[in-house]
file target.cif (mmCIF, C-alpha atoms)
data_entry
#
loop_
_atom_site.label_atom_id
_atom_site.label_comp_id
_atom_site.auth_asym_id
_atom_site.auth_seq_id
_atom_site.Cartn_x
_atom_site.Cartn_y
_atom_site.Cartn_z
CA ALA A 233 54.16 48.86 14.44
CA ILE A 234 51.36 48.16 16.88
CA PRO A 235 51.71 50.61 19.81
CA GLU A 236 53.55 48.90 22.68
CA GLU A 237 51.07 50.06 25.31
CA LEU A 238 48.35 47.90 23.78
CA TYR A 239 50.15 44.68 24.74
CA SER A 240 49.44 45.32 28.43
CA LEU A 241 45.67 45.32 27.86
CA THR A 242 45.34 41.63 28.58
CA LYS A 243 41.55 41.76 28.97
CA LEU A 244 41.12 43.29 25.52
CA LEU A 245 38.52 41.49 23.38
CA ARG A 246 38.65 43.45 20.13
CA LEU A 247 41.53 45.20 18.38
CA TYR A 248 40.72 46.99 15.13
CA LEU A 249 43.74 48.68 13.50
CA ASN A 250 42.76 48.24 9.87
CA ASN A 251 43.92 50.90 7.40
CA ALA A 252 45.87 52.63 10.19
CA GLY A 253 49.10 53.32 8.29
CA LEU A 254 51.06 50.76 10.34
CA SER A 255 54.23 49.10 9.06
CA GLY A 256 57.14 46.99 10.25
CA ILE A 257 56.66 43.67 12.01
CA ILE A 258 53.74 42.15 13.87
CA SER A 259 55.35 41.59 17.26
CA ASP A 260 55.06 38.25 19.02
CA LYS A 261 53.84 40.30 21.99
CA VAL A 262 50.38 40.22 20.42
CA SER A 263 50.16 36.71 21.89
CA PHE A 264 49.96 38.36 25.34
CA LEU A 265 46.37 39.36 24.47
CA THR A 266 44.97 35.94 25.28
CA ASN A 267 41.36 37.11 25.59
CA LEU A 268 41.34 38.63 22.13
CA GLU A 269 38.41 37.59 19.93
CA TYR A 270 38.74 40.02 17.02
CA LEU A 271 42.08 41.08 15.52
CA ASP A 272 41.84 43.23 12.39
CA LEU A 273 45.10 44.49 10.86
CA ASP A 274 43.88 44.70 7.24
CA LYS A 275 45.24 47.28 4.80
CA ASN A 276 48.49 48.23 6.48
CA THR A 277 52.04 47.55 5.28
CA PHE A 278 53.25 44.95 7.77
CA SER A 279 56.06 43.03 6.11
CA SER A 280 57.01 40.38 8.64
CA ILE A 281 56.50 36.66 8.98
CA LEU A 282 53.52 35.97 11.22
CA PRO A 283 54.42 35.40 14.87
CA ASP A 284 53.04 32.47 16.84
CA LEU A 285 49.41 33.36 17.46
CA SER A 286 48.36 29.98 18.85
CA PRO A 287 47.92 31.38 22.42
CA LEU A 288 44.99 33.43 21.09
CA SER A 289 42.59 30.52 21.57
CA ASN A 290 39.51 32.77 21.73
CA LEU A 291 39.97 34.23 18.27
CA LYS A 292 36.84 34.49 16.17
CA LEU A 293 38.17 36.88 13.53
CA LEU A 294 41.70 37.27 12.17
CA ALA A 295 41.95 39.81 9.33
CA LEU A 296 45.40 40.38 7.81
CA ALA A 297 44.56 41.14 4.18
CA GLU A 298 46.37 43.65 2.00
CA ASN A 299 49.66 43.84 3.84
CA ASN A 300 53.12 42.65 2.72
CA LEU A 301 53.24 39.61 4.99
CA GLU A 302 55.70 36.88 4.04
CA GLY A 303 56.42 33.30 4.99
CA LYS A 304 54.13 30.40 5.67
CA LEU A 305 50.74 30.10 7.27
CA PRO A 306 50.68 28.80 10.84
CA THR A 307 50.38 25.03 10.96
CA ASP A 308 49.48 24.74 14.65
CA VAL A 309 45.96 26.15 14.60
CA SER A 310 44.37 23.43 16.72
CA SER A 311 43.62 25.98 19.47
CA TRP A 312 41.48 28.10 17.13
CA SER A 313 38.31 26.06 17.42
CA ASN A 314 36.23 29.25 17.77
CA LEU A 315 37.53 30.86 14.58
CA GLU A 316 34.80 32.15 12.26
CA PHE A 317 36.71 34.35 9.82
CA LEU A 318 40.26 34.31 8.40
CA ASP A 319 41.53 36.65 5.68
CA VAL A 320 45.19 36.62 4.60
CA SER A 321 44.50 37.56 0.98
CA ARG A 322 46.71 39.93 -1.02
CA ASN A 323 49.99 39.32 0.78
CA ASN A 324 53.28 37.65 -0.19
CA MET A 325 52.76 34.44 1.75
CA ASN A 326 53.90 31.04 0.49
CA GLY A 327 54.14 27.39 1.39
CA PRO A 328 51.30 24.86 1.58
CA ILE A 329 47.79 25.25 2.96
CA SER A 330 47.56 22.75 5.80
CA SER A 331 44.65 20.39 6.29
CA GLU A 332 44.56 21.75 9.87
CA TRP A 333 42.60 24.74 8.59
CA PHE A 334 39.74 22.35 7.77
CA THR A 335 39.95 20.22 10.92
CA ASN A 336 37.82 20.84 14.04
CA LYS A 337 36.81 24.31 12.87
CA ASP A 338 33.05 23.86 13.11
CA GLN A 339 32.42 27.61 13.49
CA LEU A 340 34.52 28.68 10.50
CA GLN A 341 32.45 30.51 7.90
CA GLN A 342 34.87 32.46 5.70
CA LEU A 343 38.39 31.55 4.57
CA TYR A 344 40.27 33.88 2.22
CA PHE A 345 43.69 32.68 0.99
CA ALA A 346 43.53 34.55 -2.35
CA ASN A 347 46.36 36.30 -4.17
CA ASN A 348 49.42 34.96 -2.41
CA SER A 349 51.96 32.35 -3.56
CA PHE A 350 50.65 29.27 -1.78
CA VAL A 351 51.81 25.99 -3.31
CA GLY A 352 50.99 22.31 -3.15
CA PRO A 353 47.64 20.55 -3.30
CA ILE A 354 44.27 21.58 -1.96
CA PRO A 355 43.78 19.58 1.27
CA ASP A 356 41.51 16.57 0.73
CA ASN A 357 39.33 17.62 3.68
CA TYR A 358 38.67 21.13 2.33
CA HIS A 359 34.95 20.37 2.08
CA GLU A 360 34.36 19.20 5.66
CA LEU A 361 33.54 22.48 7.45
CA PRO A 362 29.78 22.53 8.08
CA LYS A 363 29.37 26.33 8.26
CA LEU A 364 31.82 27.37 5.52
CA ARG A 365 30.23 29.94 3.20
CA ASP A 366 33.24 31.42 1.36
CA LEU A 367 36.49 29.72 0.36
CA TYR A 368 38.86 31.79 -1.79
CA LEU A 369 41.85 29.79 -3.08
CA ASN A 370 42.29 31.86 -6.23
CA GLY A 371 45.44 33.62 -7.39
CA ASN A 372 48.03 31.22 -5.99
CA ASP A 373 50.33 28.48 -7.34
CA LEU A 374 48.32 25.48 -6.14
CA THR A 375 48.87 22.21 -8.00
CA GLY A 376 47.24 18.80 -8.26
CA THR A 377 43.59 18.10 -8.85
CA ILE A 378 40.51 19.58 -7.22
CA PRO A 379 39.65 16.96 -4.55
CA ASN A 380 36.31 15.26 -4.75
CA VAL A 381 33.51 15.99 -2.32
CA THR A 382 30.67 14.02 -0.74
CA ALA A 383 26.94 14.49 -1.10
CA ASP A 384 26.71 16.37 2.20
CA SER A 385 29.66 18.69 1.54
CA PHE A 386 29.34 22.47 1.61
CA PRO A 387 25.75 22.67 2.92
CA VAL A 388 25.82 26.49 3.12
CA MET A 389 28.51 27.34 0.54
CA GLU A 390 28.09 30.63 -1.33
CA GLU A 391 31.41 31.41 -3.06
CA LEU A 392 34.12 28.86 -3.94
CA LEU A 393 37.02 30.16 -6.04
CA PHE A 394 39.72 27.91 -7.55
CA ASN A 395 40.76 30.12 -10.47
CA ARG A 396 44.22 31.38 -11.40
CA ASN A 397 46.20 28.44 -10.08
CA GLU A 398 48.07 25.52 -11.65
CA LEU A 399 45.41 22.94 -10.86
CA THR A 400 44.71 20.16 -13.33
CA GLY A 401 41.71 17.97 -14.01
CA PRO A 402 38.00 18.74 -13.96
CA VAL A 403 35.87 20.35 -11.32
CA PRO A 404 34.20 17.32 -9.66
CA ASN A 405 30.74 16.51 -11.02
CA LEU A 406 29.41 16.09 -7.49
CA LEU A 407 30.51 19.61 -6.64
CA CYS A 408 28.50 20.86 -9.62
CA ALA A 409 25.52 18.86 -8.40
CA ILE A 410 25.78 20.45 -4.95
CA LYS A 411 25.86 23.90 -6.54
CA GLU A 412 22.94 23.22 -8.84
CA ASP A 413 20.86 21.76 -5.99
CA SER A 414 21.62 24.64 -3.65
CA PRO A 415 18.47 26.28 -2.22
CA PHE A 416 17.26 29.59 -3.51
CA GLU A 417 17.91 32.74 -1.55
CA PHE A 418 14.90 34.15 0.24
CA ASN A 419 12.48 35.82 -2.16
CA SER A 420 14.94 35.43 -5.05
CA THR A 421 15.64 33.37 -8.15
CA GLU A 422 19.34 33.25 -7.26
CA ARG A 423 20.69 30.19 -5.51
CA VAL A 424 22.65 30.46 -2.26
CA PHE A 425 25.71 28.80 -3.87
CA LYS A 426 26.17 31.56 -6.39
CA ALA A 427 29.87 31.62 -7.31
CA LEU A 428 32.09 28.77 -8.50
CA TRP A 429 35.15 29.93 -10.44
CA ALA A 430 37.85 27.81 -12.04
CA ASP A 431 40.41 27.80 -14.84
CA CYS A 432 37.94 26.40 -17.33
CA GLN A 433 38.53 28.78 -20.22
CA ALA A 434 39.72 26.89 -23.29
CA VAL A 435 43.23 27.57 -24.63
CA SER A 436 43.83 25.90 -28.02
CA SER A 437 40.71 23.79 -27.29
CA ILE A 438 42.19 22.59 -23.97
CA ARG A 439 40.58 23.51 -20.67
CA ARG A 440 42.79 23.24 -17.60
CA ASN A 441 39.81 22.54 -15.30
CA PRO A 442 36.78 21.51 -17.34
CA CYS A 443 33.62 22.67 -15.62
CA ASP A 444 30.00 22.64 -16.76
CA CYS A 445 28.61 24.65 -13.86
CA CYS A 446 31.15 27.41 -13.23
CA ASP A 447 29.99 31.00 -13.22
CA LYS A 448 33.34 32.36 -14.41
CA CYS A 449 36.13 30.68 -16.35
CA TYR A 450 39.78 31.76 -16.43
CA VAL A 451 42.89 30.56 -18.24
CA GLY A 452 45.03 30.00 -15.12
CA GLY A 453 48.60 28.83 -14.96
CA PRO A 454 51.80 30.07 -13.32
CA GLY A 455 51.78 33.73 -12.40
CA SER A 456 48.33 34.35 -13.84
#
call {"tool": "encode", "arguments": {"input": "target.cif", "output": "structure tokens"}}
result
Amino acid sequence: AIPEELYSLTKLLRLYLNNAGLSGIISDKVSFLTNLEYLDLDKNTFSSILPDLSPLSNLKLLALAENNLEGKLPTDVSSWSNLEFLDVSRNNMNGPISSEWFTNKDQLQQLYFANNSFVGPIPDNYHELPKLRDLYLNGNDLTGTIPNVTADSFPVMEELLFNRNELTGPVPNLLCAIKEDSPFEFNSTERVFKALWADCQAVSSIRRNPCDCCDKCYVGGPGS
């Protein structure tokens, strides 16, 4: 567990305990650290449901990848308007991905939901974050279609991963157009939007998510 004495450091701005051999639960006392901007607990073996972290309104980075966390994502994240980075990949989390993650998060640049058991549809507003560079939705049990985008969606997108889900229907043509019109990286022939992955590999001539612009194609489906 996180050492108890840390919870009294109420002026603490950064707490890095990644790969520290910690286990057990993440105590709700972490919410006492209301000035915290960076919380990195990656690569431990925490196995609890996430406590209420909404009091941490100054958070810019929340890194929880590669633990054994269970339960659902927080739905009340309206206080996290300063958030720039979220990584909950490679846990045992479930439930839907709320549209709140894509609402009033104008600073958010990187969102990693990969390799959990999230279900339900991709939120329709998933393309509305102006600074979003990476969105990893791969390796879950998401269903429904890939929502359409608008011409001004994903202005700085670099990596967008839909693969290894239960999604149906094609990758939107407009999303391909955004990728193909992405500017080139400085002094390079590679475009900024360099990775779009989906379950577009044909199985018995059927492609789950037909895509003419994807960099990698997978089979997808339950448990893949």
call {"tool": "resolve_selection", "arguments": {"input": "target.cif", "expression": "the PyMOL selection byres ((chain A and resi 368) around 9)", "output": "list in words"}}
result
Ser321, Gln342, Leu343, Tyr344, Phe345, Ala346, Asp366, Leu367, Leu369, Asn370, Gly371, Glu391, Leu392, Leu393 and Phe394 of chain A
call {"tool": "residues_around", "arguments": {"input": "target.cif", "residues": "range 270-272 of chain A", "least_positions_apart": "2", "cutoff": "6 Å", "atoms": "all atoms listed in the file", "output": "list in words"}}
result
Arg246, Leu247, Tyr248, Leu249, Asn250, Leu268, Asp274, Lys292, Leu293, Leu294 and Ala295 of chain A
call {"tool": "write_last_selection", "arguments": {"input": "target.cif", "atoms": "C-alpha atoms", "output": "PDB file, keeping the file's coordinate frame"}}
result
ATOM      1  CA  ARG A 246      38.650  43.450  20.130  1.00  0.00           C
ATOM      2  CA  LEU A 247      41.530  45.200  18.380  1.00  0.00           C
ATOM      3  CA  TYR A 248      40.720  46.990  15.130  1.00  0.00           C
ATOM      4  CA  LEU A 249      43.740  48.680  13.500  1.00  0.00           C
ATOM      5  CA  ASN A 250      42.760  48.240   9.870  1.00  0.00           C
ATOM      6  CA  LEU A 268      41.340  38.630  22.130  1.00  0.00           C
ATOM      7  CA  ASP A 274      43.880  44.700   7.240  1.00  0.00           C
ATOM      8  CA  LYS A 292      36.840  34.490  16.170  1.00  0.00           C
ATOM      9  CA  LEU A 293      38.170  36.880  13.530  1.00  0.00           C
ATOM     10  CA  LEU A 294      41.700  37.270  12.170  1.00  0.00           C
ATOM     11  CA  ALA A 295      41.950  39.810   9.330  1.00  0.00           C
TER      12      ALA A 295
END
call {"tool": "closest_residue", "arguments": {"input": "target.cif", "among": "A:Arg423, A:His359, A:Arg365, A:Arg440", "to": "Leu406 in chain A", "atoms": "all atoms listed in the file"}}
result
A:His359
call {"tool": "closest_residue", "arguments": {"input": "target.cif", "among": "A:Leu285, A:Val451, A:Ile329, A:Leu340", "to": "Ala434 in chain A", "atoms": "only C-alpha atoms"}}
result
A:Val451
call {"tool": "residues_near_point", "arguments": {"input": "target.cif", "point": "(53.9, 24.6, 2.2)", "cutoff": "8 Å", "atoms": "all atoms listed in the file", "output": "tab-separated table (two decimals) with C-alpha atoms, in the coordinates of the input"}}
result
chain	number	residue	atom	x	y	z
A	304	LYS	CA	54.13	30.40	5.67
A	326	ASN	CA	53.90	31.04	0.49
A	327	GLY	CA	54.14	27.39	1.39
A	328	PRO	CA	51.30	24.86	1.58
A	329	ILE	CA	47.79	25.25	2.96
A	330	SER	CA	47.56	22.75	5.80
A	350	PHE	CA	50.65	29.27	-1.78
A	351	VAL	CA	51.81	25.99	-3.31
A	352	GLY	CA	50.99	22.31	-3.15
call {"tool": "resolve_selection", "arguments": {"input": "target.cif", "expression": "the PyMOL selection byres ((chain A and resi 278-284) around 6)", "output": "list in words"}}
result
Ser255, Gly256, Ile257, Asp260, Asn276, Thr277, Leu285, Ser286, Asn299, Asn300, Leu301, Glu302 and Gly303 of chain A
call {"tool": "write_last_selection", "arguments": {"input": "target.cif", "atoms": "C-alpha atoms", "output": "PDB file, in the coordinates of the input"}}
result
ATOM      1  CA  SER A 255      54.230  49.100   9.060  1.00  0.00           C
ATOM      2  CA  GLY A 256      57.140  46.990  10.250  1.00  0.00           C
ATOM      3  CA  ILE A 257      56.660  43.670  12.010  1.00  0.00           C
ATOM      4  CA  ASP A 260      55.060  38.250  19.020  1.00  0.00           C
ATOM      5  CA  ASN A 276      48.490  48.230   6.480  1.00  0.00           C
ATOM      6  CA  THR A 277      52.040  47.550   5.280  1.00  0.00           C
ATOM      7  CA  LEU A 285      49.410  33.360  17.460  1.00  0.00           C
ATOM      8  CA  SER A 286      48.360  29.980  18.850  1.00  0.00           C
ATOM      9  CA  ASN A 299      49.660  43.840   3.840  1.00  0.00           C
ATOM     10  CA  ASN A 300      53.120  42.650   2.720  1.00  0.00           C
ATOM     11  CA  LEU A 301      53.240  39.610   4.990  1.00  0.00           C
ATOM     12  CA  GLU A 302      55.700  36.880   4.040  1.00  0.00           C
ATOM     13  CA  GLY A 303      56.420  33.300   4.990  1.00  0.00           C
TER      14      GLY A 303
END
call {"tool": "closest_residue", "arguments": {"input": "target.cif", "among": "A:Ser349, A:Cys449, A:Asn380, A:Lys337", "to": "Lys363 in chain A", "atoms": "all atoms listed in the file"}}
result
A:Lys337
call {"tool": "decode", "arguments": {"input": "target.cif", "residues": "range 272-304 of chain A", "atoms": "N, CA, C and O atoms", "output": "mmCIF file, in the first residue's frame"}}
result
data_model
loop_
_atom_site.group_PDB
_atom_site.id
_atom_site.type_symbol
_atom_site.label_atom_id
_atom_site.label_comp_id
_atom_site.auth_asym_id
_atom_site.auth_seq_id
_atom_site.Cartn_x
_atom_site.Cartn_y
_atom_site.Cartn_z
ATOM 1 N N ASP A 272 1.618 8.899 -10.255
ATOM 2 C CA ASP A 272 2.081 7.780 -11.081
ATOM 3 C C ASP A 272 2.227 6.542 -10.206
ATOM 4 O O ASP A 272 3.132 6.455 -9.369
ATOM 5 N N LEU A 273 1.311 5.581 -10.404
ATOM 6 C CA LEU A 273 1.333 4.315 -9.681
ATOM 7 C C LEU A 273 1.476 3.135 -10.643
ATOM 8 O O LEU A 273 1.119 1.994 -10.313
ATOM 9 N N ASP A 274 1.983 3.381 -11.830
ATOM 10 C CA ASP A 274 2.172 2.329 -12.834
ATOM 11 C C ASP A 274 2.989 1.157 -12.297
ATOM 12 O O ASP A 274 3.866 1.315 -11.434
ATOM 13 N N LYS A 275 2.709 -0.019 -12.857
ATOM 14 C CA LYS A 275 3.563 -1.202 -12.684
ATOM 15 C C LYS A 275 3.742 -1.596 -11.225
ATOM 16 O O LYS A 275 4.838 -1.861 -10.755
ATOM 17 N N ASN A 276 2.608 -1.630 -10.504
ATOM 18 C CA ASN A 276 2.568 -2.236 -9.185
ATOM 19 C C ASN A 276 1.554 -3.380 -9.245
ATOM 20 O O ASN A 276 1.240 -3.858 -10.342
ATOM 21 N N THR A 277 1.061 -3.827 -8.117
ATOM 22 C CA THR A 277 0.043 -4.883 -8.140
ATOM 23 C C THR A 277 -1.165 -4.483 -7.297
ATOM 24 O O THR A 277 -1.739 -5.294 -6.579
ATOM 25 N N PHE A 278 -1.554 -3.223 -7.362
ATOM 26 C CA PHE A 278 -2.786 -2.791 -6.717
ATOM 27 C C PHE A 278 -3.957 -3.561 -7.315
ATOM 28 O O PHE A 278 -4.040 -3.731 -8.540
ATOM 29 N N SER A 279 -4.855 -4.006 -6.443
ATOM 30 C CA SER A 279 -5.940 -4.866 -6.932
ATOM 31 C C SER A 279 -7.318 -4.350 -6.536
ATOM 32 O O SER A 279 -8.297 -5.076 -6.598
ATOM 33 N N SER A 280 -7.409 -3.117 -6.150
ATOM 34 C CA SER A 280 -8.666 -2.575 -5.654
ATOM 35 C C SER A 280 -9.492 -1.920 -6.759
ATOM 36 O O SER A 280 -9.051 -1.762 -7.893
ATOM 37 N N ILE A 281 -10.695 -1.531 -6.395
ATOM 38 C CA ILE A 281 -11.489 -0.612 -7.199
ATOM 39 C C ILE A 281 -10.964 0.794 -6.921
ATOM 40 O O ILE A 281 -10.583 1.108 -5.790
ATOM 41 N N LEU A 282 -10.938 1.639 -7.924
ATOM 42 C CA LEU A 282 -10.418 2.990 -7.726
ATOM 43 C C LEU A 282 -11.259 3.762 -6.715
ATOM 44 O O LEU A 282 -12.490 3.750 -6.795
ATOM 45 N N PRO A 283 -10.619 4.447 -5.783
ATOM 46 C CA PRO A 283 -11.376 5.322 -4.877
ATOM 47 C C PRO A 283 -11.830 6.581 -5.610
ATOM 48 O O PRO A 283 -11.454 6.813 -6.767
ATOM 49 N N ASP A 284 -12.610 7.394 -4.933
ATOM 50 C CA ASP A 284 -13.054 8.665 -5.500
ATOM 51 C C ASP A 284 -11.872 9.632 -5.545
ATOM 52 O O ASP A 284 -11.372 10.068 -4.504
ATOM 53 N N LEU A 285 -11.438 9.949 -6.740
ATOM 54 C CA LEU A 285 -10.309 10.862 -6.911
ATOM 55 C C LEU A 285 -10.753 12.244 -7.390
ATOM 56 O O LEU A 285 -9.925 13.079 -7.731
ATOM 57 N N SER A 286 -12.055 12.493 -7.405
ATOM 58 C CA SER A 286 -12.550 13.767 -7.924
ATOM 59 C C SER A 286 -12.045 14.984 -7.153
ATOM 60 O O SER A 286 -11.945 16.070 -7.741
ATOM 61 N N PRO A 287 -11.684 14.865 -5.841
ATOM 62 C CA PRO A 287 -11.129 16.055 -5.159
ATOM 63 C C PRO A 287 -9.782 16.497 -5.718
ATOM 64 O O PRO A 287 -9.350 17.628 -5.434
ATOM 65 N N LEU A 288 -9.130 15.646 -6.497
ATOM 66 C CA LEU A 288 -7.807 16.005 -7.035
ATOM 67 C C LEU A 288 -7.986 16.830 -8.304
ATOM 68 O O LEU A 288 -7.644 16.405 -9.416
ATOM 69 N N SER A 289 -8.506 18.018 -8.148
ATOM 70 C CA SER A 289 -8.906 18.846 -9.295
ATOM 71 C C SER A 289 -7.725 19.444 -10.046
ATOM 72 O O SER A 289 -7.903 20.002 -11.131
ATOM 73 N N ASN A 290 -6.516 19.340 -9.480
ATOM 74 C CA ASN A 290 -5.336 19.877 -10.156
ATOM 75 C C ASN A 290 -4.582 18.840 -10.969
ATOM 76 O O ASN A 290 -3.538 19.153 -11.552
ATOM 77 N N LEU A 291 -5.089 17.622 -11.018
ATOM 78 C CA LEU A 291 -4.377 16.548 -11.699
ATOM 79 C C LEU A 291 -4.095 16.874 -13.162
ATOM 80 O O LEU A 291 -4.986 17.278 -13.907
ATOM 81 N N LYS A 292 -2.848 16.669 -13.533
ATOM 82 C CA LYS A 292 -2.446 16.746 -14.934
ATOM 83 C C LYS A 292 -2.105 15.365 -15.478
ATOM 84 O O LYS A 292 -2.299 15.102 -16.666
ATOM 85 N N LEU A 293 -1.589 14.503 -14.611
ATOM 86 C CA LEU A 293 -1.193 13.153 -15.018
ATOM 87 C C LEU A 293 -1.703 12.147 -14.003
ATOM 88 O O LEU A 293 -1.492 12.314 -12.798
ATOM 89 N N LEU A 294 -2.381 11.105 -14.503
ATOM 90 C CA LEU A 294 -2.816 9.985 -13.677
ATOM 91 C C LEU A 294 -2.411 8.707 -14.395
ATOM 92 O O LEU A 294 -2.968 8.364 -15.436
ATOM 93 N N ALA A 295 -1.413 8.019 -13.846
ATOM 94 C CA ALA A 295 -0.846 6.827 -14.485
ATOM 95 C C ALA A 295 -1.069 5.628 -13.573
ATOM 96 O O ALA A 295 -0.499 5.558 -12.476
ATOM 97 N N LEU A 296 -1.895 4.692 -14.025
ATOM 98 C CA LEU A 296 -2.272 3.523 -13.232
ATOM 99 C C LEU A 296 -2.085 2.221 -14.001
ATOM 100 O O LEU A 296 -2.631 1.182 -13.618
ATOM 101 N N ALA A 297 -1.328 2.249 -15.073
ATOM 102 C CA ALA A 297 -1.189 1.093 -15.959
ATOM 103 C C ALA A 297 -0.470 -0.071 -15.275
ATOM 104 O O ALA A 297 0.312 0.106 -14.344
ATOM 105 N N GLU A 298 -0.781 -1.257 -15.777
ATOM 106 C CA GLU A 298 -0.093 -2.490 -15.378
ATOM 107 C C GLU A 298 -0.180 -2.746 -13.886
ATOM 108 O O GLU A 298 0.806 -2.971 -13.196
ATOM 109 N N ASN A 299 -1.422 -2.680 -13.388
ATOM 110 C CA ASN A 299 -1.745 -3.135 -12.044
ATOM 111 C C ASN A 299 -2.791 -4.245 -12.193
ATOM 112 O O ASN A 299 -2.898 -4.853 -13.262
ATOM 113 N N ASN A 300 -3.540 -4.517 -11.136
ATOM 114 C CA ASN A 300 -4.652 -5.472 -11.205
ATOM 115 C C ASN A 300 -5.948 -4.787 -10.789
ATOM 116 O O ASN A 300 -6.794 -5.385 -10.132
ATOM 117 N N LEU A 301 -6.081 -3.524 -11.169
ATOM 118 C CA LEU A 301 -7.243 -2.739 -10.765
ATOM 119 C C LEU A 301 -8.517 -3.312 -11.370
ATOM 120 O O LEU A 301 -8.529 -3.772 -12.526
ATOM 121 N N GLU A 302 -9.597 -3.254 -10.597
ATOM 122 C CA GLU A 302 -10.880 -3.799 -11.017
ATOM 123 C C GLU A 302 -11.948 -2.709 -10.980
ATOM 124 O O GLU A 302 -11.703 -1.589 -10.557
ATOM 125 N N GLY A 303 -13.146 -3.083 -11.427
ATOM 126 C CA GLY A 303 -14.265 -2.157 -11.346
ATOM 127 C C GLY A 303 -14.303 -1.175 -12.497
ATOM 128 O O GLY A 303 -13.606 -1.315 -13.496
ATOM 129 N N LYS A 304 -15.129 -0.173 -12.324
ATOM 130 C CA LYS A 304 -15.416 0.766 -13.403
ATOM 131 C C LYS A 304 -14.547 2.023 -13.307
ATOM 132 O O LYS A 304 -14.024 2.365 -12.255
#
